[in-house]
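Reproduced below: start_20.txt, with compact mmCIF, C-alpha atoms.
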```txt
# COMPACT_ATOMS: atom_id res chain seq x y z
CA MET A 1 10.76 14.39 22.78
CA SER A 2 8.40 11.52 22.12
CA ASN A 3 6.40 9.66 24.75
CA THR A 4 6.79 6.49 22.72
CA PRO A 5 8.94 3.96 24.59
CA PRO A 6 12.04 2.63 22.84
CA LEU A 7 11.44 -0.50 20.77
CA ASP A 8 13.38 -2.69 23.18
CA SER A 9 11.29 -1.49 26.10
CA PRO A 10 8.81 -4.02 27.53
CA ALA A 11 6.08 -1.36 27.24
CA ALA A 12 6.53 -1.36 23.47
CA SER A 13 5.90 -5.11 23.19
CA PRO A 14 2.38 -6.14 22.28
CA VAL A 15 0.61 -8.77 24.31
CA VAL A 16 0.81 -12.05 22.42
CA LEU A 17 -2.35 -14.09 21.93
CA ASP A 18 -1.65 -17.45 20.34
CA VAL A 19 -4.72 -18.94 18.70
CA TRP A 20 -4.46 -22.69 18.17
CA CYS A 21 -6.70 -23.12 15.19
CA GLU A 22 -7.71 -25.58 12.52
CA LEU A 23 -9.10 -24.32 9.22
CA GLN A 24 -11.69 -27.08 8.78
CA CYS A 25 -13.13 -26.37 12.25
CA PRO A 26 -16.54 -24.65 12.44
CA ASP A 27 -15.79 -23.57 16.03
CA CYS A 28 -12.70 -21.72 14.80
CA ARG A 29 -14.89 -19.88 12.30
CA THR A 30 -17.16 -18.83 15.17
CA ALA A 31 -14.11 -17.57 17.07
CA LEU A 32 -13.34 -15.04 14.31
CA ALA A 33 -15.90 -12.61 15.71
CA ASP A 34 -14.09 -12.60 19.06
CA LEU A 35 -10.71 -12.16 17.38
CA ASP A 36 -12.04 -9.24 15.33
CA ALA A 37 -13.42 -7.64 18.51
CA LEU A 38 -10.09 -8.08 20.29
CA ARG A 39 -8.21 -6.50 17.38
CA ALA A 40 -10.66 -3.59 17.33
CA ARG A 41 -10.26 -3.03 21.06
CA TYR A 42 -6.47 -3.40 21.33
CA GLY A 43 -5.12 -2.56 17.88
CA ASP A 44 -1.36 -3.04 17.78
CA ARG A 45 -1.18 -3.60 21.54
CA ILE A 46 -2.14 -7.23 20.93
CA ASP A 47 -0.41 -9.60 18.53
CA VAL A 48 -2.87 -12.32 17.47
CA ARG A 49 -0.80 -15.22 16.15
CA LEU A 50 -2.27 -18.15 14.27
CA ARG A 51 -0.90 -21.45 15.50
CA HIS A 52 -1.76 -24.59 13.58
CA PHE A 53 -3.39 -27.54 15.27
CA PRO A 54 -4.86 -29.76 12.55
CA LEU A 55 -7.13 -32.40 14.01
CA GLU A 56 -7.06 -35.98 12.77
CA LYS A 57 -10.83 -36.01 12.34
CA HIS A 58 -10.57 -33.43 9.55
CA ALA A 59 -8.94 -34.91 6.44
CA HIS A 60 -7.95 -31.60 4.83
CA ALA A 61 -6.83 -29.65 7.90
CA HIS A 62 -3.12 -30.32 7.44
CA ASP A 63 -3.20 -29.15 3.80
CA ALA A 64 -5.21 -26.09 4.86
CA ALA A 65 -2.60 -25.20 7.49
CA GLN A 66 0.17 -25.47 4.92
CA ALA A 67 -1.84 -23.36 2.49
CA ALA A 68 -2.33 -20.70 5.18
CA GLU A 69 1.45 -20.53 5.60
CA GLU A 70 1.79 -20.00 1.84
CA ALA A 71 -0.79 -17.21 2.08
CA TYR A 72 1.23 -15.56 4.86
CA GLU A 73 4.32 -15.85 2.66
CA GLN A 74 2.40 -14.13 -0.14
CA GLY A 75 1.24 -11.37 2.22
CA ARG A 76 -2.46 -12.23 2.70
CA GLY A 77 -2.36 -14.77 5.52
CA TRP A 78 -5.17 -13.60 7.75
CA ALA A 79 -7.52 -12.84 4.83
CA TYR A 80 -6.88 -16.37 3.55
CA VAL A 81 -7.53 -17.93 6.97
CA GLU A 82 -10.86 -16.10 7.24
CA ALA A 83 -11.88 -17.06 3.69
CA VAL A 84 -11.06 -20.75 4.21
CA LEU A 85 -12.85 -20.85 7.57
CA ALA A 86 -15.92 -19.35 5.86
CA ARG A 87 -15.89 -22.41 3.60
CA ALA A 88 -14.99 -25.05 6.23
CA GLU A 89 -17.80 -27.41 5.23
CA GLU A 90 -16.94 -27.11 1.54
CA LEU A 91 -13.29 -27.78 2.40
CA GLY A 92 -14.44 -30.96 4.14
CA GLU A 93 -16.33 -32.06 1.04
CA ARG A 94 -13.98 -31.00 -1.76
CA GLY A 95 -10.55 -30.69 -0.14
CA LYS A 96 -7.51 -29.22 -1.87
CA PRO A 97 -9.39 -27.59 -4.81
CA VAL A 98 -11.08 -25.25 -2.31
CA LEU A 99 -7.68 -24.14 -0.98
CA ILE A 100 -6.47 -23.32 -4.49
CA GLU A 101 -9.75 -21.55 -5.41
CA VAL A 102 -9.60 -19.33 -2.32
CA ALA A 103 -6.03 -18.36 -3.18
CA GLY A 104 -7.12 -17.33 -6.66
CA GLU A 105 -10.14 -15.41 -5.35
CA LEU A 106 -7.81 -13.39 -3.10
CA GLY A 107 -5.46 -12.60 -5.96
CA LEU A 108 -2.71 -14.87 -4.69
CA ASP A 109 -0.55 -17.06 -6.91
CA ALA A 110 -2.75 -20.18 -6.98
CA GLU A 111 -0.17 -22.17 -8.93
CA GLU A 112 2.35 -21.52 -6.19
CA PHE A 113 -0.20 -22.78 -3.64
CA ASP A 114 -0.55 -25.98 -5.60
CA THR A 115 3.24 -26.37 -5.77
CA ALA A 116 3.61 -25.62 -2.05
CA LEU A 117 1.08 -28.31 -1.18
CA ILE A 118 2.87 -30.81 -3.41
CA ASP A 119 6.40 -30.06 -2.20
CA GLY A 120 5.40 -29.65 1.46
CA ARG A 121 7.59 -26.58 2.00
CA HIS A 122 5.47 -25.41 4.95
CA MET A 123 5.02 -28.81 6.57
CA LEU A 124 7.70 -28.22 9.21
CA ILE A 125 6.01 -25.03 10.44
CA VAL A 126 2.67 -26.81 10.76
CA ASP A 127 4.20 -29.85 12.45
CA ALA A 128 6.18 -27.66 14.87
CA ASP A 129 3.05 -25.72 15.85
CA GLN A 130 1.14 -28.94 16.40
CA ALA A 131 3.96 -30.42 18.50
CA GLU A 132 4.17 -27.27 20.61
CA GLY A 133 0.41 -27.31 21.06
CA LYS A 134 0.49 -30.91 22.25
CA ALA A 135 3.36 -30.06 24.61
CA ILE A 136 1.32 -27.33 26.32
CA LYS A 137 -1.77 -29.59 26.46
CA VAL A 138 -3.85 -28.19 23.59
CA THR A 139 -6.47 -30.85 22.87
CA GLY A 140 -8.93 -29.09 20.56
CA THR A 141 -9.59 -25.94 18.60
CA PRO A 142 -9.89 -23.09 19.10
CA THR A 143 -7.58 -22.86 22.10
CA TYR A 144 -5.98 -19.62 23.20
CA GLU A 145 -2.76 -18.99 25.09
CA ILE A 146 -2.14 -15.57 26.61
CA GLY A 147 0.12 -14.65 29.47
CA GLY A 148 0.95 -18.29 30.12
CA GLN A 149 -2.73 -19.24 30.52
CA LEU A 150 -4.40 -21.78 28.26
CA LEU A 151 -8.08 -21.18 27.47
CA ASP A 152 -9.87 -24.03 25.71
CA GLY A 153 -12.70 -22.96 23.44
CA SER A 154 -13.16 -26.29 21.72
CA LYS A 155 -16.19 -27.25 23.80
CA ASP A 156 -17.59 -23.84 24.78
CA GLN A 157 -16.46 -20.36 23.78
CA SER A 158 -18.79 -18.40 26.04
CA GLY A 159 -16.96 -15.95 28.25
CA LEU A 160 -13.59 -16.57 26.62
CA ARG A 161 -13.27 -13.15 24.97
CA GLU A 162 -13.98 -11.48 28.31
CA ARG A 163 -11.37 -13.67 30.00
CA ILE A 164 -8.81 -12.85 27.29
CA GLU A 165 -9.58 -9.14 27.77
CA GLU A 166 -9.06 -9.44 31.54
CA ILE A 167 -5.69 -11.08 31.04
CA ALA A 168 -4.64 -8.65 28.28
CA ASP A 169 -5.67 -5.64 30.38
CA LYS A 170 -3.65 -6.97 33.33
CA LEU A 171 -0.58 -7.63 31.15
CA LEU A 172 -0.80 -4.19 29.53
CA ALA A 173 -1.20 -2.52 32.93
CA GLU A 174 1.89 -4.35 34.19
CA GLN A 175 3.84 -3.02 31.20
CA GLN A 176 2.78 0.53 32.04
CA GLY A 177 3.57 0.33 35.69
```
For this file, write the structure as structure tokens.
Amino acid sequence: MSNTPPLDSPAASPVVLDVWCELQCPDCRTALADLDALRARYGDRIDVRLRHFPLEKHAHAHDAAQAAEEAYEQGRGWAYVEAVLARAEELGERGKPVLIEVAGELGLDAEEFDTALIDGRHMLIVDADQAEGKAIKVTGTPTYEIGGQLLDGSKDQSGLRERIEEIADKLLAEQQG
């Protein structure tokens, strides 16, 4: 007999951490270290979900969000997000060509990225994320939502990882008990 709870048991559900992010945002790039640390600490007990929140001040953020969705569809979403964030300044200067280049560098179908950006097939996902973010009062990136609490890292990220860990630990303990 296994000690693993059934899949429909609340104890089997990972804690969800929504990360409202924008791929032209240098602060979101900085947040990657915290996200990597959280993944290392919690493994599959935490589900880090990218939520798109392109800011008007960044001309290529909406295209980058759509491109990230294409990368997820092609199976390399998070690697693509990290690679684009590493080149946020270059994205600001050169725009769409950077998105296509990153896809090619990761072995993704770059032509399909180009087509996806032209036909806008992922636009509804991006727009829905942004609308949901606005509805819950996201104003900048990165912003985190965990356990119904909104943590804004757009002005200062210090102490946020520790706060996320406190909330995650509490939620995981509640699932156990």
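Proximity ranking of A:Arg39, A:Arg29, A:Arg121, A:Lys170 relative to Gln66 in chain A places A:Arg121 first, based on only C-alpha atoms.
For the residues A:Gly159, A:Gly177, A:Pro54, A:Gly92, ranking by smallest atom-to-atom distance to Val126 in chain A using all atoms listed in the file places A:Pro54 first.
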Practice task
Fewer than 5 positions away in the same chain doesn't count, so skip those; otherwise give me all residues within 12 Å of Thr139 in chain A, counting all atoms listed in the file, as a PyMOL selection string.
Solution key: chain A and resi 20-22+53-56+130-134+144+150-155
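The two atoms in question, CA of Leu171 in chain A and CA of Pro142 in chain A, are spaced 21.7 Å apart.
Closest to Ala64 in chain A among A:Leu17, A:Ala40, A:Leu23, A:Leu50 is A:Leu23, based on all atoms listed in the file.
In terms of minimum interatomic distance to Asp34 in chain A, A:Arg161 ranks closest within A:Arg161, A:His122, A:His52, A:His62, counting only C-alpha atoms.
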12 Å contact set for Ala68 in chain A, all atoms listed in the file, chain neighbours under 4 positions out, as a PDB file with C-alpha atoms, in the frame of the given file:
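Below you can see out_23.pdb, which holds the result:
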```pdb
ATOM      1  CA  CYS A  21      -6.700 -23.120  15.190  1.00  0.00           C
ATOM      2  CA  GLU A  22      -7.710 -25.580  12.520  1.00  0.00           C
ATOM      3  CA  LEU A  23      -9.100 -24.320   9.220  1.00  0.00           C
ATOM      4  CA  GLN A  24     -11.690 -27.080   8.780  1.00  0.00           C
ATOM      5  CA  LEU A  50      -2.270 -18.150  14.270  1.00  0.00           C
ATOM      6  CA  ARG A  51      -0.900 -21.450  15.500  1.00  0.00           C
ATOM      7  CA  HIS A  52      -1.760 -24.590  13.580  1.00  0.00           C
ATOM      8  CA  PRO A  54      -4.860 -29.760  12.550  1.00  0.00           C
ATOM      9  CA  ALA A  61      -6.830 -29.650   7.900  1.00  0.00           C
ATOM     10  CA  HIS A  62      -3.120 -30.320   7.440  1.00  0.00           C
ATOM     11  CA  ASP A  63      -3.200 -29.150   3.800  1.00  0.00           C
ATOM     12  CA  ALA A  64      -5.210 -26.090   4.860  1.00  0.00           C
ATOM     13  CA  TYR A  72       1.230 -15.560   4.860  1.00  0.00           C
ATOM     14  CA  GLU A  73       4.320 -15.850   2.660  1.00  0.00           C
ATOM     15  CA  GLN A  74       2.400 -14.130  -0.140  1.00  0.00           C
ATOM     16  CA  GLY A  75       1.240 -11.370   2.220  1.00  0.00           C
ATOM     17  CA  ARG A  76      -2.460 -12.230   2.700  1.00  0.00           C
ATOM     18  CA  GLY A  77      -2.360 -14.770   5.520  1.00  0.00           C
ATOM     19  CA  TRP A  78      -5.170 -13.600   7.750  1.00  0.00           C
ATOM     20  CA  ALA A  79      -7.520 -12.840   4.830  1.00  0.00           C
ATOM     21  CA  TYR A  80      -6.880 -16.370   3.550  1.00  0.00           C
ATOM     22  CA  VAL A  81      -7.530 -17.930   6.970  1.00  0.00           C
ATOM     23  CA  GLU A  82     -10.860 -16.100   7.240  1.00  0.00           C
ATOM     24  CA  ALA A  83     -11.880 -17.060   3.690  1.00  0.00           C
ATOM     25  CA  VAL A  84     -11.060 -20.750   4.210  1.00  0.00           C
ATOM     26  CA  LEU A  85     -12.850 -20.850   7.570  1.00  0.00           C
ATOM     27  CA  LEU A  99      -7.680 -24.140  -0.980  1.00  0.00           C
ATOM     28  CA  ILE A 100      -6.470 -23.320  -4.490  1.00  0.00           C
ATOM     29  CA  VAL A 102      -9.600 -19.330  -2.320  1.00  0.00           C
ATOM     30  CA  ALA A 103      -6.030 -18.360  -3.180  1.00  0.00           C
ATOM     31  CA  LEU A 108      -2.710 -14.870  -4.690  1.00  0.00           C
ATOM     32  CA  PHE A 113      -0.200 -22.780  -3.640  1.00  0.00           C
ATOM     33  CA  ALA A 116       3.610 -25.620  -2.050  1.00  0.00           C
ATOM     34  CA  LEU A 117       1.080 -28.310  -1.180  1.00  0.00           C
ATOM     35  CA  ARG A 121       7.590 -26.580   2.000  1.00  0.00           C
ATOM     36  CA  HIS A 122       5.470 -25.410   4.950  1.00  0.00           C
ATOM     37  CA  MET A 123       5.020 -28.810   6.570  1.00  0.00           C
ATOM     38  CA  ILE A 125       6.010 -25.030  10.440  1.00  0.00           C
ATOM     39  CA  VAL A 126       2.670 -26.810  10.760  1.00  0.00           C
TER      40      VAL A 126
END
```
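A straight line drawn from CA of Lys137 in chain A to CA of Val15 in chain A is 21.1 Å long.
When only C-alpha atoms are used to compute distances to Gly147 in chain A, the closest of the residues A:Ala31, A:Leu91, A:Leu172, A:Cys25 turns out to be A:Leu172.
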Handout entry: Between CA of Val16 in chain A and CA of Asp169 in chain A - distance in Å to one decimal
Key = 12.1 Å
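Of the listed residues (A:Ile118, A:Asp156, A:Tyr42, A:Gln175), A:Asp156 comes nearest to Thr141 in chain A; the distances count all atoms listed in the file.
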